[in-house]
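Undergrad: File entry_20.cif below, mmCIF, C-alpha atoms:
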data_target
#
loop_
_atom_site.label_atom_id
_atom_site.label_comp_id
_atom_site.auth_asym_id
_atom_site.auth_seq_id
_atom_site.Cartn_x
_atom_site.Cartn_y
_atom_site.Cartn_z
CA MET O 1 -25.04 -3.93 1.67
CA THR O 2 -26.88 -6.77 0.02
CA GLN O 3 -26.66 -10.34 1.20
CA ARG O 4 -24.80 -11.28 -1.97
CA THR O 5 -22.00 -8.73 -1.49
CA THR O 6 -21.62 -9.89 2.12
CA ASP O 7 -21.38 -13.49 0.95
CA ILE O 8 -18.77 -12.62 -1.63
CA THR O 9 -16.59 -10.62 0.80
CA VAL O 10 -16.79 -13.35 3.41
CA GLY O 11 -15.90 -15.90 0.74
CA LEU O 12 -12.87 -13.85 -0.28
CA PHE O 13 -11.90 -13.58 3.40
CA MET O 14 -12.01 -17.36 3.83
CA LEU O 15 -10.05 -17.81 0.59
CA ALA O 16 -7.41 -15.38 1.87
CA GLY O 17 -7.16 -17.48 5.02
CA LEU O 18 -6.78 -20.64 2.96
CA ALA O 19 -4.09 -19.04 0.81
CA ALA O 20 -2.25 -17.94 3.95
CA LEU O 21 -2.44 -21.48 5.35
CA LEU O 22 -1.03 -22.79 2.08
CA PHE O 23 1.79 -20.26 2.34
CA LEU O 24 2.55 -21.34 5.91
CA ALA O 25 2.54 -24.98 4.84
CA LEU O 26 4.63 -24.76 1.68
CA GLN O 27 6.92 -21.77 2.08
CA VAL O 28 7.36 -21.53 5.84
CA SER O 29 7.35 -25.13 7.05
CA GLY O 30 8.66 -26.57 3.78
CA LEU O 31 5.93 -29.19 3.64
CA SER O 32 6.18 -30.24 0.03
CA PRO O 33 4.64 -33.15 -1.83
CA LYS O 34 8.21 -34.13 -2.69
CA SER O 35 9.14 -34.71 0.96
CA ALA O 36 6.93 -37.81 0.98
CA LYS O 37 9.45 -39.57 -1.26
CA SER O 38 10.81 -42.98 -0.38
CA THR O 39 13.32 -43.40 2.39
CA TYR O 40 15.13 -46.35 3.92
CA THR O 41 16.22 -46.92 7.48
CA ILE O 42 19.73 -47.63 8.74
CA TYR O 43 20.99 -47.87 12.29
CA ALA O 44 23.99 -46.76 14.30
CA ASP O 45 25.02 -47.59 17.89
CA PHE O 46 26.57 -44.79 19.90
CA ASN O 47 28.16 -44.77 23.35
CA ASP O 48 26.89 -41.25 23.90
CA THR O 49 24.31 -39.50 21.74
CA GLY O 50 24.90 -36.11 23.35
CA GLY O 51 22.16 -33.72 22.30
CA ILE O 52 20.77 -35.24 19.12
CA THR O 53 16.99 -35.51 18.99
CA PRO O 54 14.44 -37.25 16.79
CA ARG O 55 13.73 -35.24 13.61
CA GLY O 56 17.33 -34.02 13.71
CA ARG O 57 19.48 -33.80 10.61
CA VAL O 58 21.61 -36.51 9.01
CA SER O 59 24.10 -35.12 6.56
CA MET O 60 26.85 -36.22 4.25
CA ALA O 61 29.54 -33.73 3.21
CA GLY O 62 27.30 -31.03 4.65
CA VAL O 63 24.30 -31.96 2.50
CA THR O 64 21.19 -33.13 4.33
CA VAL O 65 20.44 -36.67 3.22
CA GLY O 66 17.98 -37.80 5.89
CA SER O 67 16.66 -37.37 9.40
CA ILE O 68 16.81 -39.10 12.77
CA ASP O 69 13.80 -41.31 13.43
CA SER O 70 14.25 -42.56 16.96
CA ILE O 71 16.82 -42.97 19.71
CA THR O 72 16.45 -45.97 21.98
CA LEU O 73 18.61 -47.66 24.58
CA ASN O 74 19.87 -51.13 23.74
CA LYS O 75 19.50 -52.88 27.10
CA GLU O 76 22.08 -55.57 26.33
CA THR O 77 25.00 -53.42 25.26
CA PHE O 78 23.90 -50.23 27.07
CA GLN O 79 24.48 -48.29 23.91
CA ALA O 80 22.07 -45.92 22.24
CA ARG O 81 20.59 -47.24 19.03
CA VAL O 82 19.73 -44.48 16.58
CA ALA O 83 17.43 -45.20 13.66
CA MET O 84 17.74 -42.77 10.78
CA SER O 85 15.83 -42.58 7.56
CA ILE O 86 17.90 -41.77 4.50
CA HIS O 87 16.51 -40.46 1.23
CA GLY O 88 15.95 -43.27 -1.24
CA ASP O 89 18.10 -41.72 -3.95
CA VAL O 90 21.20 -41.80 -1.70
CA ASN O 91 21.56 -45.59 -1.93
CA ASN O 92 25.32 -45.95 -2.34
CA ILE O 93 26.74 -45.13 1.10
CA PRO O 94 29.93 -47.23 1.36
CA ALA O 95 29.57 -50.06 3.89
CA ASP O 96 32.59 -48.97 5.97
CA SER O 97 31.37 -45.39 6.42
CA ALA O 98 31.23 -44.01 9.95
CA ALA O 99 28.43 -42.12 11.68
CA VAL O 100 29.81 -39.15 13.62
CA ILE O 101 27.90 -36.81 15.92
CA ARG O 102 28.95 -33.25 15.22
CA THR O 103 27.87 -29.80 16.32
CA SER O 104 27.06 -27.13 13.78
CA GLY O 105 28.88 -23.97 14.75
CA LEU O 106 30.08 -23.33 18.28
CA LEU O 107 26.70 -23.42 20.00
CA GLY O 108 24.54 -24.94 17.28
CA GLU O 109 22.44 -28.06 17.26
CA GLN O 110 24.00 -31.49 17.02
CA TYR O 111 23.55 -33.67 13.96
CA ILE O 112 24.82 -36.92 12.53
CA ASP O 113 27.44 -36.64 9.85
CA ILE O 114 28.23 -39.67 7.71
CA SER O 115 31.93 -39.70 6.96
CA ILE O 116 32.43 -41.61 3.77
CA GLY O 117 34.40 -44.86 3.64
CA GLY O 118 36.01 -46.49 0.65
CA ASP O 119 34.22 -49.84 0.42
CA MET O 120 32.80 -50.92 -2.91
CA GLU O 121 29.75 -52.40 -1.21
CA SER O 122 27.08 -50.08 0.08
CA LEU O 123 24.85 -50.07 3.18
CA GLN O 124 21.55 -51.83 2.63
CA PRO O 125 18.24 -50.91 4.30
CA GLY O 126 18.27 -52.20 7.88
CA ASP O 127 22.07 -52.32 8.12
CA THR O 128 24.01 -50.90 11.03
CA PHE O 129 27.06 -48.66 10.81
CA TYR O 130 30.27 -50.54 11.55
CA SER O 131 32.00 -47.63 13.22
CA THR O 132 30.59 -44.64 15.05
CA GLN O 133 32.01 -41.68 16.89
CA SER O 134 30.06 -40.33 19.85
CA ALA O 135 29.28 -36.77 20.74
CA MET O 136 32.16 -34.69 21.96
CA ASN O 137 31.67 -34.02 25.63
CA ILE O 138 33.60 -31.05 26.93
CA GLU O 139 33.43 -32.16 30.56
CA ARG O 140 34.90 -35.54 29.67
CA LEU O 141 37.62 -33.92 27.59
CA ILE O 142 38.59 -31.71 30.51
CA SER O 143 38.56 -34.55 33.04
CA ASN O 144 40.66 -36.71 30.71
CA PHE O 145 43.09 -33.88 30.28
CA ALA O 146 43.23 -33.17 34.02
CA SER O 147 43.86 -36.80 34.91
CA GLY O 148 46.61 -36.94 32.29
CA LYS O 149 45.14 -39.74 30.17
CA MET F 1 -14.18 -5.44 59.87
CA ILE F 2 -17.02 -7.94 59.68
CA ASP F 3 -18.39 -6.00 56.71
CA ARG F 4 -15.08 -6.23 54.93
CA ILE F 5 -14.86 -9.99 55.41
CA ALA F 6 -18.47 -10.33 54.29
CA SER F 7 -17.84 -8.31 51.12
CA PHE F 8 -14.75 -10.38 50.41
CA GLY F 9 -16.81 -13.53 50.70
CA ARG F 10 -19.57 -12.04 48.58
CA SER F 11 -17.18 -11.20 45.77
CA GLY F 12 -15.99 -14.82 45.84
CA THR F 13 -19.51 -16.23 45.60
CA ASP F 14 -20.38 -13.64 42.93
CA LEU F 15 -17.45 -14.85 40.86
CA VAL F 16 -18.57 -18.48 41.12
CA VAL F 17 -22.16 -17.49 40.30
CA SER F 18 -21.13 -15.54 37.21
CA ILE F 19 -18.95 -18.41 35.99
CA GLY F 20 -21.91 -20.72 36.46
CA ARG F 21 -24.20 -18.35 34.56
CA ALA F 22 -21.66 -18.06 31.74
CA GLY F 23 -21.51 -21.85 31.50
CA ARG F 24 -25.30 -22.21 31.47
CA PHE F 25 -25.53 -19.44 28.89
CA LEU F 26 -22.97 -21.23 26.69
CA ALA F 27 -24.88 -24.49 26.98
CA GLY F 28 -28.07 -22.66 26.00
CA VAL F 29 -26.44 -21.12 22.95
CA LEU F 30 -24.78 -24.29 21.77
CA SER F 31 -27.83 -26.49 22.26
CA GLY F 32 -29.79 -24.20 19.92
CA VAL F 33 -27.87 -25.13 16.79
CA PRO F 34 -28.49 -22.45 14.13
CA ARG F 35 -30.85 -23.76 11.47
CA PRO F 36 -28.85 -24.43 8.32
CA ILE F 37 -30.92 -22.37 5.90
CA THR F 38 -32.19 -19.45 7.94
CA GLY F 39 -29.10 -19.31 10.14
CA PHE F 40 -26.59 -19.13 7.32
CA PRO F 41 -27.19 -15.52 6.17
CA LEU F 42 -27.06 -14.39 9.81
CA LEU F 43 -23.72 -16.12 10.26
CA MET F 44 -22.41 -14.55 7.03
CA LYS F 45 -23.36 -11.10 8.22
CA GLN F 46 -21.53 -11.65 11.51
CA LEU F 47 -18.49 -13.15 9.79
CA TYR F 48 -18.38 -9.99 7.71
CA SER F 49 -18.49 -7.62 10.66
CA VAL F 50 -16.29 -9.73 12.94
CA GLY F 51 -13.82 -11.14 10.41
CA VAL F 52 -13.60 -9.06 7.27
CA LEU F 53 -13.74 -5.71 9.03
CA SER F 54 -10.98 -6.82 11.45
CA LEU F 55 -8.72 -7.65 8.53
CA ALA F 56 -7.26 -4.16 8.20
CA ILE F 57 -6.01 -3.91 11.79
CA ILE F 58 -4.73 -7.50 11.65
CA VAL F 59 -2.78 -6.97 8.44
CA VAL F 60 -1.27 -3.66 9.52
CA SER F 61 -0.22 -4.84 12.97
CA GLY F 62 1.05 -8.14 11.57
CA LEU F 63 3.22 -6.27 9.12
CA PHE F 64 4.69 -4.01 11.76
CA ILE F 65 5.23 -6.76 14.30
CA GLY F 66 7.05 -8.81 11.67
CA MET F 67 9.19 -5.83 10.76
CA VAL F 68 10.05 -5.11 14.39
CA LEU F 69 10.94 -8.76 14.96
CA GLY F 70 13.21 -8.61 11.93
CA LEU F 71 14.92 -5.45 13.08
CA GLN F 72 15.29 -6.52 16.70
CA GLY F 73 16.30 -10.07 15.84
CA TYR F 74 18.95 -8.82 13.45
CA THR F 75 20.44 -6.53 16.09
CA ILE F 76 20.77 -9.39 18.56
CA LEU F 77 21.70 -12.21 16.19
CA SER F 78 24.32 -10.24 14.28
CA ASP F 79 26.31 -9.95 17.52
CA PHE F 80 26.78 -13.72 17.32
CA GLY F 81 27.30 -13.70 13.57
CA SER F 82 24.19 -15.79 13.10
CA GLU F 83 21.86 -13.31 11.41
CA ALA F 84 20.97 -16.08 8.95
CA ALA F 85 18.82 -17.59 11.72
CA ILE F 86 16.53 -14.57 11.61
CA GLY F 87 13.96 -16.33 9.41
CA GLN F 88 13.70 -19.20 11.83
CA MET F 89 13.32 -16.85 14.77
CA ILE F 90 10.61 -14.74 13.14
CA ALA F 91 8.64 -17.71 11.84
CA LEU F 92 8.67 -19.67 15.11
CA THR F 93 7.80 -16.61 17.19
CA LEU F 94 4.91 -15.66 14.94
CA VAL F 95 3.46 -19.07 14.21
CA ARG F 96 3.65 -20.39 17.75
CA GLU F 97 3.05 -17.38 19.96
CA LEU F 98 2.59 -13.91 18.60
CA GLY F 99 0.24 -14.82 15.75
CA PRO F 100 -2.49 -16.40 17.88
CA VAL F 101 -1.99 -14.19 20.96
CA VAL F 102 -1.74 -10.75 19.35
CA THR F 103 -4.58 -11.59 16.97
CA ALA F 104 -6.73 -12.57 19.94
CA LEU F 105 -5.87 -9.38 21.84
CA LEU F 106 -6.66 -7.22 18.81
CA PHE F 107 -9.79 -9.24 18.17
CA ALA F 108 -10.98 -8.66 21.73
CA GLY F 109 -10.43 -4.93 21.34
CA ARG F 110 -11.79 -4.57 17.84
CA ALA F 111 -14.58 -7.15 17.54
CA GLY F 112 -15.27 -8.34 21.09
CA SER F 113 -16.03 -4.87 22.43
CA ALA F 114 -18.34 -4.20 19.47
CA LEU F 115 -20.21 -7.45 20.06
CA THR F 116 -20.71 -6.64 23.73
CA ALA F 117 -21.88 -3.09 23.05
CA GLU F 118 -24.26 -4.24 20.32
CA ILE F 119 -25.87 -6.98 22.38
CA GLY F 120 -25.90 -4.78 25.47
CA LEU F 121 -27.71 -2.03 23.61
CA MET F 122 -30.19 -4.56 22.25
CA LYS F 123 -30.86 -5.60 25.81
CA ALA F 124 -31.11 -2.01 27.09
CA THR F 125 -33.60 -1.07 24.37
CA GLU F 126 -35.54 -4.26 25.11
CA GLN F 127 -35.08 -5.70 21.65
CA LEU F 128 -34.09 -9.03 23.14
CA SER F 129 -37.21 -9.24 25.32
CA SER F 130 -39.45 -8.20 22.43
CA MET F 131 -37.92 -11.00 20.37
CA GLU F 132 -38.86 -13.40 23.14
CA MET F 133 -42.38 -11.97 23.12
CA MET F 134 -42.60 -12.72 19.39
CA GLY F 135 -41.50 -16.26 20.03
CA VAL F 136 -38.02 -15.83 18.53
CA ASP F 137 -35.27 -17.26 20.66
CA PRO F 138 -32.68 -14.45 21.01
CA LEU F 139 -30.00 -16.98 21.95
CA ARG F 140 -30.44 -18.66 18.62
CA ARG F 141 -31.17 -15.59 16.52
CA VAL F 142 -28.71 -13.06 17.98
CA ILE F 143 -26.13 -14.79 20.14
CA ALA F 144 -25.34 -18.04 18.32
CA PRO F 145 -24.31 -16.48 14.95
CA ARG F 146 -21.99 -14.07 16.77
CA LEU F 147 -20.39 -16.83 18.81
CA TRP F 148 -19.83 -19.02 15.77
CA ALA F 149 -18.52 -16.08 13.74
CA GLY F 150 -15.85 -15.34 16.34
CA PHE F 151 -14.97 -19.01 16.55
CA ILE F 152 -14.52 -19.28 12.76
CA ALA F 153 -12.94 -15.90 12.09
CA MET F 154 -10.17 -16.03 14.69
CA PRO F 155 -8.06 -18.87 13.20
CA VAL F 156 -8.35 -17.31 9.74
CA LEU F 157 -7.21 -13.95 11.10
CA ALA F 158 -4.35 -15.56 13.02
CA ILE F 159 -3.09 -17.39 9.93
CA ILE F 160 -3.20 -14.18 7.90
CA PHE F 161 -1.42 -12.35 10.73
CA SER F 162 1.43 -14.89 10.76
CA MET F 163 1.80 -14.81 7.00
CA VAL F 164 1.90 -11.02 6.82
CA GLY F 165 4.34 -10.91 9.74
CA ILE F 166 6.73 -13.34 8.09
CA TRP F 167 6.54 -11.31 4.92
CA GLY F 168 7.20 -8.10 6.89
CA GLY F 169 10.20 -9.74 8.54
CA MET F 170 11.52 -10.63 5.12
CA LEU F 171 11.03 -7.05 4.00
CA VAL F 172 13.28 -5.80 6.79
CA GLY F 173 15.72 -8.70 7.07
CA VAL F 174 16.27 -9.48 3.42
CA GLU F 175 15.47 -6.34 1.48
CA TRP F 176 16.78 -3.79 3.94
CA LEU F 177 19.43 -5.42 6.14
CA GLY F 178 20.76 -7.76 3.49
CA VAL F 179 20.32 -11.24 4.97
CA PHE F 180 20.60 -13.76 2.12
CA GLU F 181 17.11 -14.66 0.98
CA GLY F 182 17.94 -18.35 0.57
CA SER F 183 19.06 -18.67 4.18
CA TYR F 184 16.01 -16.73 5.38
CA TRP F 185 13.59 -19.25 3.88
CA GLY F 186 15.92 -22.25 4.17
CA ASN F 187 16.49 -21.92 7.92
CA MET F 188 12.79 -21.33 8.36
CA GLN F 189 11.82 -24.44 6.46
CA ALA F 190 14.38 -26.54 8.30
CA SER F 191 13.12 -25.55 11.73
CA VAL F 192 9.37 -25.03 11.35
CA ASP F 193 7.34 -28.21 11.32
CA PHE F 194 3.88 -28.06 9.84
CA TRP F 195 2.13 -30.27 12.39
CA ASP F 196 4.10 -29.33 15.50
CA ASP F 197 4.26 -25.59 14.96
CA VAL F 198 1.71 -24.38 12.42
CA VAL F 199 -1.15 -26.67 13.42
CA ASN F 200 -0.53 -26.13 17.14
CA GLY F 201 -0.67 -22.39 16.53
CA ILE F 202 -4.00 -22.83 14.74
CA ILE F 203 -5.36 -24.92 17.62
CA LYS F 204 -4.37 -22.10 19.97
CA SER F 205 -6.20 -19.53 17.88
CA VAL F 206 -9.31 -21.73 17.75
CA VAL F 207 -9.32 -21.88 21.54
CA PHE F 208 -8.75 -18.12 21.82
CA GLY F 209 -11.50 -17.40 19.28
CA PHE F 210 -13.95 -19.47 21.25
CA VAL F 211 -13.05 -17.88 24.58
CA CYS F 212 -13.05 -14.29 23.25
CA ALA F 213 -16.38 -14.67 21.49
CA TRP F 214 -17.91 -16.39 24.51
CA ILE F 215 -16.79 -13.66 26.91
CA ALA F 216 -17.96 -10.92 24.52
CA VAL F 217 -21.47 -12.25 23.95
CA TYR F 218 -21.92 -13.25 27.58
CA GLN F 219 -20.91 -9.83 28.87
CA GLY F 220 -23.33 -8.20 26.43
CA TYR F 221 -26.16 -10.54 27.28
CA ASP F 222 -25.62 -10.29 31.01
CA CYS F 223 -24.95 -6.54 31.30
CA VAL F 224 -26.95 -4.12 33.43
CA PRO F 225 -29.27 -2.52 30.85
CA THR F 226 -28.16 1.07 31.38
CA SER F 227 -25.57 3.19 29.60
CA ALA F 228 -23.19 2.79 32.53
CA GLY F 229 -23.82 -0.96 32.52
CA ILE F 230 -23.01 -1.24 28.82
CA SER F 231 -19.80 0.72 29.18
CA SER F 232 -18.63 -1.40 32.11
CA ALA F 233 -19.57 -4.59 30.24
CA THR F 234 -17.51 -3.46 27.23
CA THR F 235 -14.53 -2.74 29.46
CA LYS F 236 -14.93 -6.12 31.16
CA THR F 237 -14.99 -7.86 27.79
CA VAL F 238 -11.64 -6.43 26.78
CA VAL F 239 -10.03 -6.97 30.18
CA TYR F 240 -11.33 -10.52 30.75
CA SER F 241 -10.59 -11.60 27.18
CA SER F 242 -7.03 -10.32 27.35
CA LEU F 243 -6.38 -11.98 30.69
CA ALA F 244 -7.99 -15.24 29.57
CA VAL F 245 -5.97 -15.27 26.35
CA LEU F 246 -2.66 -14.65 28.10
CA GLY F 247 -3.37 -17.19 30.82
CA LEU F 248 -4.58 -19.84 28.41
CA ASP F 249 -1.61 -19.19 26.17
CA PHE F 250 0.73 -20.13 28.98
CA VAL F 251 -1.17 -23.34 29.65
CA LEU F 252 -1.37 -24.28 25.97
CA THR F 253 2.30 -23.51 25.37
CA ALA F 254 3.26 -25.63 28.36
CA VAL F 255 1.17 -28.52 27.04
CA MET F 256 2.20 -28.22 23.38
CA PHE F 257 5.85 -27.20 23.50
CA GLY F 258 6.81 -27.92 27.10
CA ASN F 259 8.32 -31.39 26.53
CA PHE F 260 8.16 -32.49 30.12
#
Let me see whether you can do it: turn the structure in this file into structure tokens.
TA:
Amino acid sequence: MTQRTTDITVGLFMLAGLAALLFLALQVSGLSPKSAKSTYTIYADFNDTGGITPRGRVSMAGVTVGSIDSITLNKETFQARVAMSIHGDVNNIPADSAAVIRTSGLLGEQYIDISIGGDMESLQPGDTFYSTQSAMNIERLISNFASGK
Amino acid sequence: MIDRIASFGRSGTDLVVSIGRAGRFLAGVLSGVPRPITGFPLLMKQLYSVGVLSLAIIVVSGLFIGMVLGLQGYTILSDFGSEAAIGQMIALTLVRELGPVVTALLFAGRAGSALTAEIGLMKATEQLSSMEMMGVDPLRRVIAPRLWAGFIAMPVLAIIFSMVGIWGGMLVGVEWLGVFEGSYWGNMQASVDFWDDVVNGIIKSVVFGFVCAWIAVYQGYDCVPTSAGISSATTKTVVYSSLAVLGLDFVLTAVMFGNF
């Protein structure tokens, strides 16, 4: 086999690897140039964040409209402050909407669902949700039920 | 009794000595950087024999492992009515674990053993010493291109393995068992992160490639120059590479995905 044929086969091999990497990036991990589009950040304070994690889903009527950026503890109110980035084209969330932590399916992951309010004004970047509903905690439900509250 | 204790101690010191020799050998190889112009064709030749010729076994086993994952995952997930998560399961398993690890194991069997046998035979027929006599550094001329070829070829093979496996899983899950194609890819894209999962898998395969190639060339270079010595060195290459890959995989997984 001549040096040239070897070079060409090795070149094709490396190209195949590159194509496979592209496939893993675009088709498998959904890394698309579109995902770098503009987002804005809004906040919500929860008494209990349950099992939500950064990079988790934020949805509205079941449609994913953003992701969770960070979860920090507010040391003054002892609440968890969740920062979420919302896609820039969803810019008309009513100002009295509520952020609710829900579970997808019976055993699925937890996510933040925005339940729509009726206000004419909309949430601006940097705003905080007026009302939130924390994660459902089965142990707490049972203990409330048992103590008759 | 005393003899037994002595032999136990000797095997311990032998182990430390051989690790030290392997380290010194690696330093010797890496310090002799292959010359860009004369070294390049040598590297190409090795990439061909180590990478391109391993492609067939990688593609075939990737396809079948993906198909088995699809079949097995469907059986388990359909009990919970969540067979739509099959894409996510296959992709994460392949990209994070099976892709790098199985590729490295196959690589050790297919390419590592060949490297050891080739270098060992060169040593047994005194080609390496005659090179030294001619003033050619065998570390630079023979060993370095093989080490670099393994180092470069392994990540490429692992990426191809993962891709073929995911495609094989789709073949079984979507075409045969009837999972909706949109949820196969959609769940996958929602759960696989490029930097956290794909790139970490590639880092793993880079580490494995380095370790496998190092063990293979060292065993060949250090073997007893007889036919029995070459055969035991080839066996050692496969055994040590497999153990090193599995052990390192645990450590790397704990560091990358452990979250503690």
Undergrad: Running the PyMOL selection byres ((chain O) within 10 of (chain F)) on this model by hand, what would come out? Give it as an MDAnalysis selection string.
TA: chainID O and resid 1:31 55:57 105
Undergrad: Carefully work through the PyMOL selection byres ((chain O and resi 50-54) around 8) for this structure and note down the residues it includes, as an mmCIF file with C-alpha atoms, keeping the file's coordinate frame.
TA:
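Result file follows (expr.cif):
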data_model
loop_
_atom_site.group_PDB
_atom_site.id
_atom_site.type_symbol
_atom_site.label_atom_id
_atom_site.label_comp_id
_atom_site.auth_asym_id
_atom_site.auth_seq_id
_atom_site.Cartn_x
_atom_site.Cartn_y
_atom_site.Cartn_z
ATOM 1 C CA ASP O 48 26.890 -41.250 23.900
ATOM 2 C CA THR O 49 24.310 -39.500 21.740
ATOM 3 C CA ARG O 55 13.730 -35.240 13.610
ATOM 4 C CA GLY O 56 17.330 -34.020 13.710
ATOM 5 C CA SER O 67 16.660 -37.370 9.400
ATOM 6 C CA ILE O 68 16.810 -39.100 12.770
ATOM 7 C CA ASP O 69 13.800 -41.310 13.430
ATOM 8 C CA SER O 70 14.250 -42.560 16.960
ATOM 9 C CA ILE O 71 16.820 -42.970 19.710
ATOM 10 C CA ILE O 101 27.900 -36.810 15.920
ATOM 11 C CA GLU O 109 22.440 -28.060 17.260
ATOM 12 C CA GLN O 110 24.000 -31.490 17.020
ATOM 13 C CA TYR O 111 23.550 -33.670 13.960
ATOM 14 C CA ILE O 112 24.820 -36.920 12.530
ATOM 15 C CA SER O 134 30.060 -40.330 19.850
ATOM 16 C CA ALA O 135 29.280 -36.770 20.740
ATOM 17 C CA MET O 136 32.160 -34.690 21.960
ATOM 18 C CA ASN O 137 31.670 -34.020 25.630
#
Undergrad: At what distance in Å, to one decimal, does atom CA of O:Met60 lie from atom CA of O:Phe129?
TA: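 Taking atom CA of O:Phe129 as the start and atom CA of O:Met60 as the end point, the length is 14.1 Å.
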Undergrad: Mind giving me the straight-line distance from atom CA of F:Arg96 to atom CA of F:Val251 in Å, one decimal?
TA: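 It comes out at 13.2 Å.
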Undergrad: So what do you get for atom CA of O:Gln133 versus atom CA of O:Asn47, distance-wise?
TA: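 Distance reported for this atom pair: 8.1 Å.
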Undergrad: Leaving out F:Trp214 and any residue of its chain fewer than 3 positions from it, which residues lie within 8 Å of it when counting all atoms listed in the file, given as a ChimeraX atom specification?
TA: /F:26,147,210-211,217-218
Undergrad: Can you tell me, as a ChimeraX atom specification, what residues are no more than 12 Å from F:Gln72 when counting all atoms listed in the file, ignoring any on the same chain fewer than 5 positions away?
TA: /F:64-67,77-79,83,86,89-90,169,172-173,177
Undergrad: I'd like to see the residues matched by the PyMOL selection byres ((chain O and resi 115) around 9) on this file, and ideally I'd get them as a ChimeraX atom specification.
TA: /O:60-61,97-100,113-114,116-117
Undergrad: For F:Leu105, which residue among F:Ala228, F:Ile58, F:Cys223, F:Val174 is the nearest when counting only C-alpha atoms?
TA: F:Ile58
Undergrad: Determine the nearest neighbour of F:Gly165 from the options F:Thr13, F:Gln127, F:Ser113, F:Thr103, counting all atoms listed in the file.
TA: F:Thr103
Undergrad: For stretch 81-94 of chain O, supply N, CA and C atoms and format the output as a short mmCIF file (atom, residue, chain, number, x, y, z; two decimals), in the coordinates of the input.
TA:
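Contents of out08.cif, as written:
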data_model
loop_
_atom_site.label_atom_id
_atom_site.label_comp_id
_atom_site.auth_asym_id
_atom_site.auth_seq_id
_atom_site.Cartn_x
_atom_site.Cartn_y
_atom_site.Cartn_z
N ARG O 81 20.78 -46.81 20.41
CA ARG O 81 20.59 -47.24 19.03
C ARG O 81 19.78 -46.16 18.32
N VAL O 82 20.38 -45.57 17.30
CA VAL O 82 19.73 -44.48 16.58
C VAL O 82 19.26 -45.00 15.22
N ALA O 83 17.96 -44.85 14.97
CA ALA O 83 17.43 -45.20 13.66
C ALA O 83 17.32 -43.93 12.84
N MET O 84 17.85 -43.97 11.62
CA MET O 84 17.74 -42.77 10.78
C MET O 84 17.21 -43.15 9.41
N SER O 85 16.35 -42.29 8.89
CA SER O 85 15.83 -42.58 7.56
C SER O 85 16.56 -41.72 6.54
N ILE O 86 17.07 -42.40 5.53
CA ILE O 86 17.90 -41.77 4.50
C ILE O 86 17.09 -41.70 3.21
N HIS O 87 17.23 -40.60 2.50
CA HIS O 87 16.51 -40.46 1.23
C HIS O 87 16.83 -41.62 0.30
N GLY O 88 15.80 -42.09 -0.40
CA GLY O 88 15.95 -43.27 -1.24
C GLY O 88 16.96 -43.11 -2.36
N ASP O 89 17.18 -41.87 -2.82
CA ASP O 89 18.10 -41.72 -3.95
C ASP O 89 19.56 -41.74 -3.51
N VAL O 90 19.82 -41.66 -2.19
CA VAL O 90 21.20 -41.80 -1.70
C VAL O 90 21.37 -43.27 -1.29
N ASN O 91 21.58 -44.16 -2.25
CA ASN O 91 21.56 -45.59 -1.93
C ASN O 91 22.93 -46.21 -2.08
N ASN O 92 23.99 -45.37 -2.15
CA ASN O 92 25.32 -45.95 -2.34
C ASN O 92 26.30 -45.49 -1.27
N ILE O 93 25.83 -45.48 0.00
CA ILE O 93 26.74 -45.13 1.10
C ILE O 93 27.69 -46.32 1.30
N PRO O 94 28.99 -46.11 1.20
CA PRO O 94 29.93 -47.23 1.36
C PRO O 94 29.75 -47.93 2.70
#
